[in-house]
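Colleague: A single structure is presented below for examination.
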Amino acid sequence: MTDNSTYPQAETIEQLRQNLATVRARIDQACVQAGRDPQEVRLLPVSKTHPADYLRLAYAAGCRMLGENKVQEAYQKWQELDDLADLEWSVIGHLQTNKAKYVARFASEFHALDSLRLAQTLNQRLELENRTLDVLVQINTSGEESKYGIDPEQAHELIAQLGQFQRLRVRGLMTLALNSPDQEAVRRCFIMLRELRDSLQASAPEGMQLSELSMGMSGDFELAIAEGATIVRIGQAIFGAREQPDSFYWPK
Ligand SMILES: *Cc1c(COP(=O)(O)O)cnc(C)c1O
């Protein structure tokens, strides 16, 4: 796994500002190297495990959207921070269908759509809330059983069915790459997501723009940008190393 000791804890607004600027500069640099426009890549700060009070510092440092992988943790923080009216939430981790109601209530974005049943339930719940939700379909590009997401071969069928859900705005695909020091193996995951998106684009339901590729984290975002990422999900390089073991990324 990535050497977490290289990420010092950010404890002040100033440190957070600095880390955000440093990560942003690395994103821009990776874009330039790839011949891409830096404006094509959005930085999504991932705030999981950090308490709501601390996230007020992130807000003060300029964050207006935060990513969380566990819906109940995110929901609680949303409630605690409801005075920050323009702070939006992106749920990026696996969601059980029986918790879809929480996402429908508060999230702006959901990166881990992985079944028709979940899409149906989210759509119903969003109707009740009179809200819409930007969604990305999570693809398992690494072939690891521990990872969530659908197999690439199932993507065409799922995407074809998502057009019927009026409350879901399907924006693209998301993946977690192989967690490995083998850069070429990691790169293959990112390439697979981009190529899959390109082939889905051709057959997607009318009006559906699969423009987003959510891929890349603290340890691999430059590689992801080289392969076409439009959203990078970054926690530790902004907030500092987390104590949690790797299993925390892929909750059972
Ligand atoms: C935690 C997490 C990230 C961010 O990982 P960092 O190593 O903190 O950058 C990205 N995506 C998902 C789904 C996560 O759970």
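By order in the structure tokens, chains are A, B, ...; within a chain, residues start at 1; ligands start at 1, following the order shown.
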Using only C-alpha atoms and all ligand atoms, which protein or nucleic acid residues are at most 6 Å from ligand 1, as a PyMOL selection string?

Modeller: chain A and resi 46+69+92-93+217-218+233-236+249

Colleague: Mind the document's chain letters and residue numbers, and return as a PyMOL selection string the residues of stretch 52-225 of chain A that DSSP labels alpha helix (DSSP H).

Modeller: chain A and resi 52-60+71-80+100-106+116-129+155-162+183-203+221-225

Colleague: Take the residues that were just selected and, keeping C-alpha atoms, output them as an mmCIF file, in the first residue's frame.

Modeller:
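Once written, result-v6.cif looks like this:
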data_model
loop_
_atom_site.group_PDB
_atom_site.id
_atom_site.type_symbol
_atom_site.label_atom_id
_atom_site.label_comp_id
_atom_site.auth_asym_id
_atom_site.auth_seq_id
_atom_site.Cartn_x
_atom_site.Cartn_y
_atom_site.Cartn_z
ATOM 1 C CA ALA A 52 -17.706 17.586 11.534
ATOM 2 C CA ASP A 53 -16.027 20.269 13.623
ATOM 3 C CA TYR A 54 -12.749 19.681 11.854
ATOM 4 C CA LEU A 55 -14.522 19.880 8.506
ATOM 5 C CA ARG A 56 -15.471 23.461 9.332
ATOM 6 C CA LEU A 57 -11.773 24.217 8.836
ATOM 7 C CA ALA A 58 -11.902 22.558 5.419
ATOM 8 C CA TYR A 59 -14.896 24.709 4.568
ATOM 9 C CA ALA A 60 -13.029 27.815 5.711
ATOM 10 C CA VAL A 71 -23.531 7.112 4.001
ATOM 11 C CA GLN A 72 -24.480 7.241 7.659
ATOM 12 C CA GLU A 73 -21.259 8.983 8.613
ATOM 13 C CA ALA A 74 -21.886 11.472 5.815
ATOM 14 C CA TYR A 75 -25.522 11.971 6.780
ATOM 15 C CA GLN A 76 -24.599 12.789 10.347
ATOM 16 C CA LYS A 77 -21.983 15.314 9.242
ATOM 17 C CA TRP A 78 -24.492 16.907 6.871
ATOM 18 C CA GLN A 79 -26.859 17.376 9.817
ATOM 19 C CA GLU A 80 -24.128 18.801 12.031
ATOM 20 C CA ALA A 100 -30.763 4.790 -0.330
ATOM 21 C CA LYS A 101 -33.188 7.079 1.496
ATOM 22 C CA TYR A 102 -30.311 8.893 3.208
ATOM 23 C CA VAL A 103 -28.454 9.582 -0.025
ATOM 24 C CA ALA A 104 -31.681 10.821 -1.604
ATOM 25 C CA ARG A 105 -32.148 13.276 1.232
ATOM 26 C CA PHE A 106 -28.848 15.126 1.236
ATOM 27 C CA LEU A 116 -30.584 -1.726 -11.205
ATOM 28 C CA ARG A 117 -32.356 -2.306 -7.922
ATOM 29 C CA LEU A 118 -30.377 0.437 -6.228
ATOM 30 C CA ALA A 119 -31.107 2.802 -9.130
ATOM 31 C CA GLN A 120 -34.822 2.066 -8.804
ATOM 32 C CA THR A 121 -34.857 2.660 -5.072
ATOM 33 C CA LEU A 122 -32.810 5.845 -5.327
ATOM 34 C CA ASN A 123 -35.144 7.158 -8.008
ATOM 35 C CA GLN A 124 -38.231 6.478 -5.869
ATOM 36 C CA ARG A 125 -36.676 8.091 -2.823
ATOM 37 C CA LEU A 126 -35.568 11.123 -4.837
ATOM 38 C CA GLU A 127 -39.127 11.551 -6.065
ATOM 39 C CA LEU A 128 -40.354 11.661 -2.476
ATOM 40 C CA GLU A 129 -37.714 14.250 -1.640
ATOM 41 C CA ALA A 155 -22.027 -2.057 -17.927
ATOM 42 C CA HIS A 156 -23.811 -1.808 -21.272
ATOM 43 C CA GLU A 157 -26.893 -3.533 -19.935
ATOM 44 C CA LEU A 158 -27.091 -1.434 -16.777
ATOM 45 C CA ILE A 159 -26.462 1.885 -18.534
ATOM 46 C CA ALA A 160 -29.146 1.087 -21.115
ATOM 47 C CA GLN A 161 -31.695 0.740 -18.305
ATOM 48 C CA LEU A 162 -30.737 3.872 -16.388
ATOM 49 C CA GLN A 183 2.281 1.210 -11.880
ATOM 50 C CA GLU A 184 1.450 -0.530 -15.115
ATOM 51 C CA ALA A 185 -1.134 -2.730 -13.415
ATOM 52 C CA VAL A 186 -2.707 0.370 -11.863
ATOM 53 C CA ARG A 187 -2.643 2.132 -15.208
ATOM 54 C CA ARG A 188 -4.463 -0.769 -16.864
ATOM 55 C CA CYS A 189 -7.430 -0.186 -14.529
ATOM 56 C CA PHE A 190 -7.636 3.461 -15.549
ATOM 57 C CA ILE A 191 -7.302 2.628 -19.242
ATOM 58 C CA MET A 192 -10.045 0.043 -18.914
ATOM 59 C CA LEU A 193 -12.425 2.600 -17.395
ATOM 60 C CA ARG A 194 -11.735 5.151 -20.126
ATOM 61 C CA GLU A 195 -12.134 2.661 -22.939
ATOM 62 C CA LEU A 196 -15.318 1.307 -21.417
ATOM 63 C CA ARG A 197 -16.717 4.842 -21.131
ATOM 64 C CA ASP A 198 -15.853 5.513 -24.779
ATOM 65 C CA SER A 199 -17.650 2.390 -25.929
ATOM 66 C CA LEU A 200 -20.680 3.073 -23.685
ATOM 67 C CA GLN A 201 -20.889 6.627 -24.974
ATOM 68 C CA ALA A 202 -21.743 5.336 -28.435
ATOM 69 C CA SER A 203 -24.761 3.311 -27.268
ATOM 70 C CA PHE A 221 -4.091 10.463 -9.129
ATOM 71 C CA GLU A 222 -1.393 11.658 -11.519
ATOM 72 C CA LEU A 223 -1.532 8.344 -13.361
ATOM 73 C CA ALA A 224 -5.337 8.571 -13.438
ATOM 74 C CA ILE A 225 -5.166 12.052 -14.955
#

Colleague: Can you pull out every residue from stretch 8-251 of chain A that DSSP, working from the backbone, puts in strand (DSSP E or B), and format the result as a PyMOL selection string?

Modeller: chain A and resi 42-46+65-68+88-91+109-113+133-139+150+168-174+212-214+231-234

Colleague: Atom CA of A:Phe239 and atom CA of A:Leu81 are how many Å apart?

Modeller: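 Atom CA of A:Phe239 sits 18.1 Å away from atom CA of A:Leu81.
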
Colleague: Would you mind listing what lies within 8 Å of stretch 134-138 of chain A as a list in words, with only C-alpha atoms counted and same-chain residues fewer than 3 positions away left out?

Modeller: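 Those residues are Ser108, Glu109, Phe110, His111, Ala112, Leu113, Asp114, Tyr148, Gly149, Ile150, Leu168, Arg169, Val170, Arg171, Gly172, Leu173, Met174, Thr175, Glu212 and Ser214 of chain A.
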
Colleague: Using the selection just defined, write its residues with C-alpha atoms as a PDB file, in the first residue's frame.

Modeller:
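Heads up, here's the output in again_15.pdb:
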ATOM      1  CA  SER A 108     -25.569  15.972  -4.571  1.00  0.00           C
ATOM      2  CA  GLU A 109     -23.573  13.192  -6.120  1.00  0.00           C
ATOM      3  CA  PHE A 110     -23.231   9.423  -5.810  1.00  0.00           C
ATOM      4  CA  HIS A 111     -20.254   7.580  -7.324  1.00  0.00           C
ATOM      5  CA  ALA A 112     -21.011   3.954  -6.508  1.00  0.00           C
ATOM      6  CA  LEU A 113     -24.152   2.966  -8.391  1.00  0.00           C
ATOM      7  CA  ASP A 114     -23.820  -0.769  -9.000  1.00  0.00           C
ATOM      8  CA  TYR A 148     -17.467  -3.306  -5.276  1.00  0.00           C
ATOM      9  CA  GLY A 149     -18.705  -2.283  -8.677  1.00  0.00           C
ATOM     10  CA  ILE A 150     -20.070  -4.196 -11.619  1.00  0.00           C
ATOM     11  CA  LEU A 168     -30.937  10.208 -11.770  1.00  0.00           C
ATOM     12  CA  ARG A 169     -28.522  12.152 -13.925  1.00  0.00           C
ATOM     13  CA  VAL A 170     -26.018   9.601 -15.115  1.00  0.00           C
ATOM     14  CA  ARG A 171     -22.698  11.397 -15.530  1.00  0.00           C
ATOM     15  CA  GLY A 172     -20.122   8.687 -16.102  1.00  0.00           C
ATOM     16  CA  LEU A 173     -18.093   5.949 -14.455  1.00  0.00           C
ATOM     17  CA  MET A 174     -16.065   5.480 -11.291  1.00  0.00           C
ATOM     18  CA  THR A 175     -13.424   2.974 -10.272  1.00  0.00           C
ATOM     19  CA  GLU A 212     -17.105  11.909 -16.092  1.00  0.00           C
ATOM     20  CA  SER A 214     -13.974   9.406 -11.346  1.00  0.00           C
TER      21      SER A 214
END

Colleague: May I ask which of the residues A:Thr49, A:Gln164, A:Ser115, A:Thr97 is the closest one to A:Gly240, counting only C-alpha atoms?

Modeller: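 Closest to A:Gly240 of all the choices is A:Thr49.
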
Colleague: Counting only C-alpha atoms, figure out which residue out of A:Arg131, A:Arg17, A:Lys147, A:Arg42 gets nearest to A:Val232.

Modeller: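 Answer, going by the shortest atom-to-atom distance: A:Arg42.
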
Colleague: Could you work out how far atom CA of A:Val41 lies from atom CA of A:Thr141, giving the answer in Å with one decimal?

Modeller: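 About the pair atom CA of A:Thr141 and atom CA of A:Val41: they are 20.6 Å apart.
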